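**Q** The structure follows.
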Amino acid sequence: MEDQITAAGARGSGPYAGEAPRGLRGPAAFWLVAATQGLLMFASSAPSPLYVVYQARWHFSPLALTGVFAAYALALLAALLVVGGLSDHVGRRPVLLAALVAEIASMALFIRADGVAWLLAARVVQGLATGAATGATSAALLDLQPQRQPRLGPLVNSTAPITGLALGALGAGLLVQYAPHPRTLVYALLLGAFALCALCVPAIAETSPRRPGALASLAPRLGVPPQAGPLFLAVVPCLFAVWALGGLYMSLGPSIAAGVLHLTNHVAGGLVVFALTGTGAVGSLLRRDRPPRRTTTLGFLAFLLGVGTTLGALAAASAPLFFLGTVIAGYGFGTGFLGAFQTVGPLAAPGERARLMAGMYVVCYLGFSLPAVAAGVAVGRVGLRTTATVYGLAVMALALLALAGLRVQGRRERR
């Protein structure tokens, strides 16, 4: 995916990279695409505060809940791998428009939902839509960024999704708690917002002219270039760990807030996700221009400290301590993720970056989904508190393994 984005950003001339002869360009087009990208991720976290409501109404198990969540992540990953590079061949606008139509359909499914099967269908369609849009919006942001601000596109690409996740969980929690029609209002509002975005997309200048190879681009390409292999293996455990923690918070976080910390207000469930992802976005912004290897190490250390603090909070049933630990872990999540990509990404040649980025995203989204399903199985047998504790210890062990790997690799490089 990275090579298609880099190549796209290099095309064209004029004040904006990838400038097209007709259509909306400049800051207006750039920020419209950024808003669309953030809105997609807003919608992806909006169901999190509602999971407790769905469980109480339809009486399904934690395993079913985490299965619904994992279906979204796996569908997103499949779409990202299959159609992530399609916009290089058919254009950004057609792919983004199709993704928005699918997203509108998923919102309609959420509104209609009256059981787990409907939720599963809605999340699968939403995952496919979000994955399809990711490649097109990421490339378009680099196409449309001002040439005088070459870091703006990558910065927005890394912060808009995390910010969207944070605001989606918090906004949905507020609507569920204080607005009428708690199970449908947030989706109705999002449906209208996506419809508006879809109407605006044709006005944006097309920055990727049609070219052959569309069918060939649908074949997923995975692999790690040899020169990036050692560092890739070093950061993989913590990439998996930080996204596994994100998966736990997005699926079972509101349930932990209600069942372990006794926070019954639905806003608290949204705040749990917001505390993790919001501080992750802040961490990415604060460390964006710092040395990548040091950013990675500090991020992993903060992640360890934060998760350890949340485990102490669960043992003491302390909500303030739990949120403190979540904020620290969220900072580690954002900075560790950013630093890992900044550290490993440049090691691949332009023609190898797509395979490397796909490999890293596979690790992230597998961590985002599969451990959450395992947690859903465990909750039914040992309870929320024990499951969360064991889960936390496991991700801490992975982070320690990543730190040891980085240290060993650093010594080899110095030799």
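Here's how to read the names in the structure tokens: chain A, B, ... by the order shown, residue numbers from 1 in each chain, ligand numbers from 1 in the order shown.
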Neighbouring residues of Ala105 of chain A were defined as those with any atom within 10 Å, considering only C-alpha atoms; residues of the same chain fewer than 6 positions away were excluded. Please report them as an mmCIF file with N, CA and C atoms, in the first residue's frame.

**A**
```cif
data_model
loop_
_atom_site.group_PDB
_atom_site.id
_atom_site.type_symbol
_atom_site.label_atom_id
_atom_site.label_comp_id
_atom_site.auth_asym_id
_atom_site.auth_seq_id
_atom_site.Cartn_x
_atom_site.Cartn_y
_atom_site.Cartn_z
ATOM 1 N N ALA A 99 -17.187 2.776 -1.577
ATOM 2 C CA ALA A 99 -17.024 2.495 -0.155
ATOM 3 C C ALA A 99 -18.062 3.249 0.672
ATOM 4 N N ILE A 111 -29.500 0.263 11.888
ATOM 5 C CA ILE A 111 -30.802 0.830 12.267
ATOM 6 C C ILE A 111 -31.869 -0.260 12.302
ATOM 7 N N ALA A 122 -24.114 -6.096 9.622
ATOM 8 C CA ALA A 122 -23.763 -4.673 9.576
ATOM 9 C C ALA A 122 -22.265 -4.465 9.749
ATOM 10 N N VAL A 125 -20.257 -5.620 6.544
ATOM 11 C CA VAL A 125 -20.365 -4.629 5.469
ATOM 12 C C VAL A 125 -19.570 -3.375 5.825
ATOM 13 N N GLN A 126 -19.639 -2.962 7.081
ATOM 14 C CA GLN A 126 -18.883 -1.790 7.513
ATOM 15 C C GLN A 126 -17.383 -2.030 7.394
ATOM 16 N N ALA A 129 -16.359 -1.822 3.759
ATOM 17 C CA ALA A 129 -16.391 -0.434 3.295
ATOM 18 C C ALA A 129 -15.193 0.353 3.811
ATOM 19 N N LEU A 191 -25.552 7.986 8.859
ATOM 20 C CA LEU A 191 -26.050 7.731 7.504
ATOM 21 C C LEU A 191 -26.190 9.039 6.728
#
```

**Q** Please, what distance in Å, to one decimal, runs between atom CA of Ser251 of chain A and atom CA of Gly376 of chain A?

**A**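 The value is 9.0 Å.
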
**Q** Go through segment 128-353 of chain A and collect every residue that DSSP, computed from the backbone, puts in alpha helix (DSSP H); the answer should be as a PyMOL selection string.

**A** chain A and resi 128-144+152-178+185-200+229-259+266-286+292-316+319-344+353

**Q** Any idea what's packed within 12 Å of Arg290 of chain A, counting only C-alpha atoms, ignoring anything in its chain fewer than 4 positions away? Could you give it as a PyMOL selection string?

**A** chain A and resi 283-286+294-298+335+338-339+342-343

**Q** Got time to write the residues from that selection, C-alpha atoms, as a short mmCIF file (atom, residue, chain, number, x, y, z; two decimals), in the first residue's frame?

**A**
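See out_8.cif below for the written result:
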```cif
data_model
loop_
_atom_site.label_atom_id
_atom_site.label_comp_id
_atom_site.auth_asym_id
_atom_site.auth_seq_id
_atom_site.Cartn_x
_atom_site.Cartn_y
_atom_site.Cartn_z
CA GLY A 283 1.01 10.85 21.49
CA SER A 284 1.40 10.53 17.73
CA LEU A 285 1.23 14.31 17.34
CA LEU A 286 3.74 14.98 20.10
CA ARG A 294 13.49 6.16 20.47
CA THR A 295 9.78 6.85 19.89
CA THR A 296 9.16 3.12 19.53
CA THR A 297 11.05 2.25 22.71
CA LEU A 298 9.39 4.96 24.78
CA THR A 335 3.61 6.41 19.95
CA LEU A 338 3.85 5.44 15.00
CA GLY A 339 7.46 4.66 15.90
CA GLN A 342 8.58 5.04 11.06
CA THR A 343 11.35 2.59 12.01
#
```

**Q** What's the 10 Å shell around Val101 of chain A, counting only C-alpha atoms, without same-chain residues fewer than 2 positions away, as a PyMOL selection string?

**A** chain A and resi 96-99+103-106+129+191+194-195+197-198

**Q** Go ahead and write the selection's residues with C-alpha atoms as a PDB file, in the first residue's frame.

**A**
```
ATOM      1  CA  LEU A  96     -14.216   6.050  -2.326  1.00  0.00           C
ATOM      2  CA  LEU A  97     -17.744   6.530  -3.655  1.00  0.00           C
ATOM      3  CA  ALA A  98     -18.389   2.765  -3.692  1.00  0.00           C
ATOM      4  CA  ALA A  99     -17.024   2.495  -0.155  1.00  0.00           C
ATOM      5  CA  GLU A 103     -20.987   2.356   4.536  1.00  0.00           C
ATOM      6  CA  ILE A 104     -24.473   3.844   4.109  1.00  0.00           C
ATOM      7  CA  ALA A 105     -25.829   0.314   3.682  1.00  0.00           C
ATOM      8  CA  SER A 106     -24.123  -0.773   6.909  1.00  0.00           C
ATOM      9  CA  ALA A 129     -16.391  -0.434   3.295  1.00  0.00           C
ATOM     10  CA  LEU A 191     -26.050   7.731   7.504  1.00  0.00           C
ATOM     11  CA  PHE A 194     -22.021   9.636   4.758  1.00  0.00           C
ATOM     12  CA  ALA A 195     -24.684  10.536   2.209  1.00  0.00           C
ATOM     13  CA  CYS A 197     -19.819  12.923   1.807  1.00  0.00           C
ATOM     14  CA  ALA A 198     -20.911  10.760  -1.125  1.00  0.00           C
TER      15      ALA A 198
END
```

**Q** Which of these residues is nearest to Thr130 of chain A, using only C-alpha atoms: A:Phe240, A:Phe42, A:Phe333, A:Trp118?

**A**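 Closest to Thr130 of chain A, using only C-alpha atoms: A:Phe42.
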
**Q** To one decimal place, how far is atom CA of Met360 of chain A from atom CA of Thr134 of chain A in Å?

**A**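 Between atom CA of Met360 of chain A and atom CA of Thr134 of chain A the gap is 14.8 Å.
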
**Q** Got a sec: who's within 9 Å of Ser138 of chain A, counting only C-alpha atoms, leaving out chain neighbours fewer than 5 positions off, as a list in words?

**A**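 Residues near the query, excluding close chain neighbours: Ile5, Val33, Ala34, Gln37, Ala133, Asp143, Gly153, Pro154, Val156 and Asn157 of chain A.
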